[in-house]
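Visitor: Handing you a structure now.
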Amino acid sequence: MLSPRVSAWLVKGWRLTALLVAALLLQRTTPTTENVLTRLSLSEVTGFFPTAKRLVEGPQQCLIVQDEYGNRLGRLLTTSPDADAIIGYSGPSNVLVALDNQEKIVGTRILSSDDTPDHVDTLLDNRVFERSLKDWQPTSQPAPKLEGYAGSTLTAAAIAESIQKRLSGNYASLRFSTPLALKEIQAVGFPQALSFEANTPRLGWNLVRGPNRALLGYVVRSSPSGDEFSGYAGPTETLIAIEPDALTLRKIILRESYDTTRYVDIVKEDEIYLKQLTKWNVREWPSLNFGKEKIEGVAGATLTSSAIAFGLQRRFADDAKHLTLQKSSGRDYAKSLALWFFLVGTLVMTFTPLHGRPKVRILWQILLVSGLGLWLGQLLSLGMFAGWARHGLPWSQGSGLLILGAIALLVPWTTRRQLYCHQACPHGAAQELLGGFRRLHWRLPASWHSLLSKLPAISLGAAFLAALFWPRWSPNPIEPFDAWILGAAVAVPLALAVVGLIASIFIPQAYCKYGCPTGALLKFVRSNNQLETWSRRDYAALGLLCGGALIVFGRPLLTPSAATAGEGLPITEMHGGAFGTTWTVKIRGTGFAAELLKRVIESEVNRIESSLSHWRKTSVTSDFNQLESTQPMGINQELGKLVAFTQKLSKATDGAYDITIAPLVSAWGYGPAGSNLPTPTPEKISELRGQVGWEKLTLDLPALTLRKSDERLSLDLGSVLQGYTDDRIAVLLHQQGHHDFLIEVGGELLASGSWHVGIEDPFNPRGLLEKLVLKDQALSPSGLYRAKRLAEGKSISHIISPKTGYPVEPTIEMCCVFHRHCLEADGWATALMAVGFEEAKKLAEKNRLSVILVAPDKSVWRSSEIK
């Protein structure tokens, strides 16, 4: 039998667990933020751009705004989902941001918010707040100084931070949109460079890495800061190499230009001018006086060279603004010190006899009311706790409230002292001060007191269930605390505050005793004594959690079964081409701009093909294939992820699966050169086999480098790119608010929701081997029955053995792999085809894969994971 102390700690542990479960239930019902760009109309846009006539889908999930002649006026974007983790008082806000061609804010609009409604309302159509953000250039400037805005300080600051996060992560010029390449880094003065990476938080700066990831220096692009300085016909972008001290300029070269070619060539040829510009360091450039320093333009290209110099100055001026930490004003510093004073003072008043001294207590209460309440506005509320449960903890904007909330919960849980209610709540302090007139006190009958004292707990339970049933409802209007922060701007909280304070004159602590659900929450975790036992509050909490679980998990039981849900809804189909094949996306539902969404999908598919397919000469894969060196080459995270996965497959199949097979694949007519090639001779195959081998490929994922031990080694990612594309399209659709769709790229299927699909019969392509419901998973069918060609009168498959150099002898006619991710399904399907029937069965069971194998004799094998 458990000792009383152990039992007491189990009860205490249960109470914290109950809070965690309640938070998880609230988080599960958190509504997703809708992407409204697809439904934005021209009439809504003309408020920002009066001459707007056309909206065109742009890069990085934005809309380009054009006039009637097709001239670009600016762009529109939303802060969600990129900045959904940034929380004001109780949740994130989705803001529409309009930017001009210099990336300056033209205007903003709060589209939706999960923050406290009253706080958001004070910022809607607030001209002072709007003016604070207008003309701000978030990509290169620190956030503007924001004042209180009628008490909505945290909400306002969170909105500004959301805008900066959304844009600073995409620090790029729309005029000079070509991504920086390693070859350019090497050319600007770092020949030993092996990789480079963004230098957070310096926007537009890149760290240059050499062998063993040694820091070689920095490379900075003058765009977009210098884009507004035009020469004769347009701006010029420069590339600036900076020493490891982050101050000294090493070299400047011209990268791209819209200026007249002849004038640009004159500047390029004048090495003295560009070298002269490196005399001044990063700190000196912002305040450089060109006349005093005798910086003269290049003869014959004066405007071009001057625009380059002014662009450099603006570049480093923007850096100076961004790198200089925003020094807190005297007021902000005082507020920060004051908050810590109240946090420490609360602990002192709780754990020392000072709270029992009348004069000290009255002084403390006056300080709480005037300082923590009216000045700082730091009050805990039920809506705030609910918001934190739904959207996470406000580490960046509300750290003070977060600390206050933590000690308010943990101190009574560990020490039995009700710290916040008794020693830190300004509303409670105001009630206690007003209750000092003893002659005016009323004595409530015991029966009334017993009944009314249950109201806070009832309010808490009702608010919890309501928040689960109506996820966008906020409990803040049922409490008076917003009145301290927002004053008369919130009628209901203000009325509750006034009534509660007046009542406290006659009934001491009237609101605390008979109306405060936040107090009931803190009282729930409070320990009464060292031998805490299970009580009525624990039964009530258990009942509430069970009721909440029924609301959260019981909803699907009230809808049609998963296999048929949504089947009555209309389906929108979109089609396109890529990778030498086709893609199709089917979406259930209405209310979205299909053409705009199609352009978003096409843009992503084309990006993947152009950046990763070795069939495209511009891809990073082609760059690696053409590299005649065994030195490491810098790659991006995306290619690194794919190579890491394929190496895992190569190891699992003992090299039967190998992405370095590209030379052999091409030789057999399945590569970029096409099929009109002679059958390779044994000598040619032997020669090409020497250029193949997955173990000759070295990936350093942390350093993002890829190295080949044989200069002739080349990659073919065709076995995974279509599945990877399925996954990427799914991410885009989820971000756009779609959750019921079917994607197919070259036969690779990925379903979100439930979709009826069929597996083609390899022996009768017009028939089906099997019909099934594909639910929230991918299906990759790989077979030899379609991808074949004739060579010297013999049918050969597209799967080439890296060990023999010849097409594999078919022991599997078709392999179907089911997986959560289509990348994994696609890769494993090819890998299993490569190893043959018996080995494929072993690998499928060893790796717990859901697999269907069809043999040439038409026999079918299913792995144990197939349900």
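Here's how to read the names in the structure tokens: chain A, B, ... by the order shown, residue numbers from 1 in each chain, ligand numbers from 1 in the order shown.
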As a PyMOL selection string, please: all residues of stretch 438-614 of chain A that backbone DSSP puts in strand (DSSP E).
Guide: chain A and resi 571-578+581-588
Visitor: Using 12 Å as the limit and counting only C-alpha atoms, can you tabulate each residue of stretch 384-421 of chain A that touches stretch 500-520 of chain A, with its shortest atom-to-atom distance in Å and the two atoms involved, as CSV?
Guide:
residue,atom,partner,partner_atom,distance
A:Met384,CA,A:Thr518,CA,9.8
A:Phe385,CA,A:Thr518,CA,8.9
A:Ala386,CA,A:Thr518,CA,10.7
A:Gly405,CA,A:Thr518,CA,11.0
A:Ala408,CA,A:Gly519,CA,10.0
A:Leu409,CA,A:Gly519,CA,10.5
A:Pro412,CA,A:Gly519,CA,11.5
A:Gln418,CA,A:Gly519,CA,9.3
A:Leu419,CA,A:Gly519,CA,10.8
A:Tyr420,CA,A:Gly519,CA,8.7
A:Cys421,CA,A:Gly519,CA,6.7
Visitor: Would you export the selected residues with N, CA, C and O atoms as a CSV table (one decimal), in the first residue's frame, please?
Guide:
chain,number,residue,atom,x,y,z
A,384,MET,N,-5.7,33.9,-22.1
A,384,MET,CA,-4.3,33.9,-22.4
A,384,MET,C,-3.8,32.5,-22.2
A,384,MET,O,-3.1,32.0,-23.1
A,385,PHE,N,-4.2,31.8,-21.1
A,385,PHE,CA,-3.8,30.4,-21.0
A,385,PHE,C,-4.3,29.5,-22.1
A,385,PHE,O,-3.6,28.6,-22.6
A,386,ALA,N,-5.5,29.7,-22.5
A,386,ALA,CA,-6.1,29.0,-23.7
A,386,ALA,C,-5.3,29.2,-24.9
A,386,ALA,O,-5.1,28.3,-25.7
A,405,GLY,N,3.0,33.7,-15.4
A,405,GLY,CA,2.1,32.5,-15.5
A,405,GLY,C,2.7,31.3,-14.9
A,405,GLY,O,2.0,30.5,-14.2
A,408,ALA,N,2.8,31.5,-11.2
A,408,ALA,CA,1.4,31.5,-10.7
A,408,ALA,C,0.9,30.1,-10.6
A,408,ALA,O,0.1,29.7,-9.7
A,409,LEU,N,1.3,29.2,-11.5
A,409,LEU,CA,0.9,27.8,-11.5
A,409,LEU,C,1.7,26.9,-10.5
A,409,LEU,O,1.2,26.1,-9.8
A,412,PRO,N,1.7,27.6,-6.1
A,412,PRO,CA,0.7,27.0,-5.3
A,412,PRO,C,0.7,25.5,-5.4
A,412,PRO,O,0.3,24.8,-4.4
A,418,GLN,N,-1.2,30.6,-2.5
A,418,GLN,CA,-1.8,31.1,-3.7
A,418,GLN,C,-1.2,32.5,-4.1
A,418,GLN,O,-1.7,33.6,-3.8
A,419,LEU,N,0.0,32.4,-4.7
A,419,LEU,CA,0.9,33.5,-5.0
A,419,LEU,C,0.2,34.6,-5.8
A,419,LEU,O,0.1,35.7,-5.4
A,420,TYR,N,-0.3,34.2,-7.0
A,420,TYR,CA,-0.9,35.2,-7.9
A,420,TYR,C,-2.1,35.9,-7.4
A,420,TYR,O,-2.2,37.2,-7.3
A,421,CYS,N,-3.1,35.2,-6.9
A,421,CYS,CA,-4.3,35.7,-6.5
A,421,CYS,C,-4.2,36.6,-5.3
A,421,CYS,O,-4.8,37.7,-5.2
Visitor: Any idea what's packed within 9 Å of stretch 261-272 of chain A, counting only C-alpha atoms, ignoring anything in its chain fewer than 4 positions away? Could you give it as a ChimeraX atom specification?
Guide: /A:232,236,253-254,257,276-277,298-305
Visitor: Print the selection's residues with N, CA and C atoms to a file, as a PDB file, in the first residue's frame.
Guide:
ATOM      1  N   TYR A 232      22.435  54.336 -66.562  1.00  0.00           N
ATOM      2  CA  TYR A 232      21.827  54.900 -67.761  1.00  0.00           C
ATOM      3  C   TYR A 232      20.467  54.270 -68.040  1.00  0.00           C
ATOM      4  N   THR A 236      22.427  47.900 -61.320  1.00  0.00           N
ATOM      5  CA  THR A 236      23.456  46.868 -61.458  1.00  0.00           C
ATOM      6  C   THR A 236      23.676  46.217 -60.097  1.00  0.00           C
ATOM      7  N   ILE A 253      32.899  42.605 -57.583  1.00  0.00           N
ATOM      8  CA  ILE A 253      32.704  42.315 -59.004  1.00  0.00           C
ATOM      9  C   ILE A 253      31.258  42.638 -59.377  1.00  0.00           C
ATOM     10  N   LEU A 254      31.026  42.895 -60.652  1.00  0.00           N
ATOM     11  CA  LEU A 254      29.672  43.117 -61.144  1.00  0.00           C
ATOM     12  C   LEU A 254      29.048  41.761 -61.457  1.00  0.00           C
ATOM     13  N   SER A 257      23.212  43.051 -64.519  1.00  0.00           N
ATOM     14  CA  SER A 257      22.870  44.460 -64.718  1.00  0.00           C
ATOM     15  C   SER A 257      21.749  44.614 -65.734  1.00  0.00           C
ATOM     16  N   GLN A 276      39.349  50.539 -55.985  1.00  0.00           N
ATOM     17  CA  GLN A 276      39.301  51.735 -55.142  1.00  0.00           C
ATOM     18  C   GLN A 276      38.150  51.648 -54.142  1.00  0.00           C
ATOM     19  N   LEU A 277      37.043  51.046 -54.548  1.00  0.00           N
ATOM     20  CA  LEU A 277      35.875  50.968 -53.672  1.00  0.00           C
ATOM     21  C   LEU A 277      36.093  50.059 -52.467  1.00  0.00           C
ATOM     22  N   VAL A 298      33.661  56.275 -63.552  1.00  0.00           N
ATOM     23  CA  VAL A 298      34.538  55.805 -64.627  1.00  0.00           C
ATOM     24  C   VAL A 298      34.248  56.617 -65.885  1.00  0.00           C
ATOM     25  N   ALA A 299      35.266  57.124 -66.505  1.00  0.00           N
ATOM     26  CA  ALA A 299      35.100  57.916 -67.724  1.00  0.00           C
ATOM     27  C   ALA A 299      34.378  57.109 -68.787  1.00  0.00           C
ATOM     28  N   GLY A 300      33.338  57.687 -69.358  1.00  0.00           N
ATOM     29  CA  GLY A 300      32.549  57.007 -70.382  1.00  0.00           C
ATOM     30  C   GLY A 300      31.407  56.194 -69.821  1.00  0.00           C
ATOM     31  N   ALA A 301      31.389  56.011 -68.496  1.00  0.00           N
ATOM     32  CA  ALA A 301      30.303  55.251 -67.865  1.00  0.00           C
ATOM     33  C   ALA A 301      30.029  55.835 -66.481  1.00  0.00           C
ATOM     34  N   THR A 302      29.919  57.159 -66.442  1.00  0.00           N
ATOM     35  CA  THR A 302      29.794  57.862 -65.161  1.00  0.00           C
ATOM     36  C   THR A 302      28.550  57.450 -64.393  1.00  0.00           C
ATOM     37  N   LEU A 303      27.399  57.450 -65.046  1.00  0.00           N
ATOM     38  CA  LEU A 303      26.157  57.118 -64.351  1.00  0.00           C
ATOM     39  C   LEU A 303      26.149  55.670 -63.854  1.00  0.00           C
ATOM     40  N   THR A 304      26.657  54.777 -64.669  1.00  0.00           N
ATOM     41  CA  THR A 304      26.696  53.357 -64.281  1.00  0.00           C
ATOM     42  C   THR A 304      27.576  53.161 -63.053  1.00  0.00           C
ATOM     43  N   SER A 305      28.786  53.729 -63.084  1.00  0.00           N
ATOM     44  CA  SER A 305      29.718  53.545 -61.967  1.00  0.00           C
ATOM     45  C   SER A 305      29.228  54.259 -60.713  1.00  0.00           C
TER      46      SER A 305
END
Visitor: My list of candidates is A:Leu742, A:Ser152, A:Gly805, A:Arg616. Which is closest to A:Met574 when distances are computed with only C-alpha atoms?
Guide: A:Leu742
Visitor: If we count only C-alpha atoms, what is near A:Ala158 at a cut-off of 6 Å, once residues fewer than 4 positions away on the same chain are taken out, given as a ChimeraX atom specification?
Guide: /A:88,154,162
Visitor: Please provide as a PyMOL selection string all residues within 9 Å of A:Leu207, with the sequence filter that same-chain residues fewer than 4 positions apart are discarded (counting only C-alpha atoms).
Guide: chain A and resi 195-199+215-219
Visitor: Of the residues A:Pro762, A:Pro570, A:Gly640, A:Gly226, which is the one nearest to A:Asp318, using only C-alpha atoms?
Guide: A:Gly226
